[in-house]
Amino acid sequence: MGFNTPDHDTMAKLRDEAETNHKAYWAENGNGYQPTGKFFPGFEAGWADACAALSSGNDIPGDVAGWAKQRAQETGHSSEDDWEWEHGFKSGAEAAKQAGSN
């Protein structure tokens, strides 16, 4: 199975869909919780990291949650309320893998 790096428009479409779903979930289930806006940049970071790994012939780690936490710490998103960035990162990495797999 190969990997073709998806274009920016594909990333933007999938990112926007994921962010809309994220906000809708919290609007329905969050008891007043308002997303912080960290999901969007997390998604883009996860997408970029996954595309870099996959296009060089590697796979993304099996423990995407652990990878997201590691990358959050490395990029200054390691406070307790940065879970939303990590969630975005995981979504972005998984979306990139799915979008580019053939």
# chains A, B, ... in the order shown; residues from 1 in each chain; ligands from 1
$ select_by_dssp --residues "range 2-102 of chain A" --states "alpha helix (DSSP H)" --output "ChimeraX atom specification"
/A:8-29,39-55,64-74,83-100
$ atom_distance --atom1 "CA of Trp47 in chain A" --atom2 "CA of Ala95 in chain A"
7.1 Å
$ closest_residue --among "A:Gly100, A:Glu74, A:Ala12, A:Asp81" --to "Phe43 in chain A" --atoms "only C-alpha atoms"
A:Ala12
$ residues_around --residues "Glu17 in chain A" --least-positions-apart "6" --cutoff "12 Å" --atoms "only C-alpha atoms" --output "PyMOL selection string"
chain A and resi 10-11+23-24+39-40+43+88+91-92+95
$ atom_distance --atom1 "CA of Ala72 in chain A" --atom2 "CA of Glu86 in chain A"
6.5 Å
$ closest_residue --among "A:Ser78, A:Gln70, A:Glu84, A:Ser101" --to "Trp26 in chain A" --atoms "only C-alpha atoms"
A:Glu84
$ atom_distance --atom1 "CA of Gly62 in chain A" --atom2 "CA of Glu94 in chain A"
10.6 Å
$ closest_residue --among "A:Asp82, A:Gly2, A:Ala96, A:Ala18" --to "Lys38 in chain A" --atoms "only C-alpha atoms"
A:Asp82
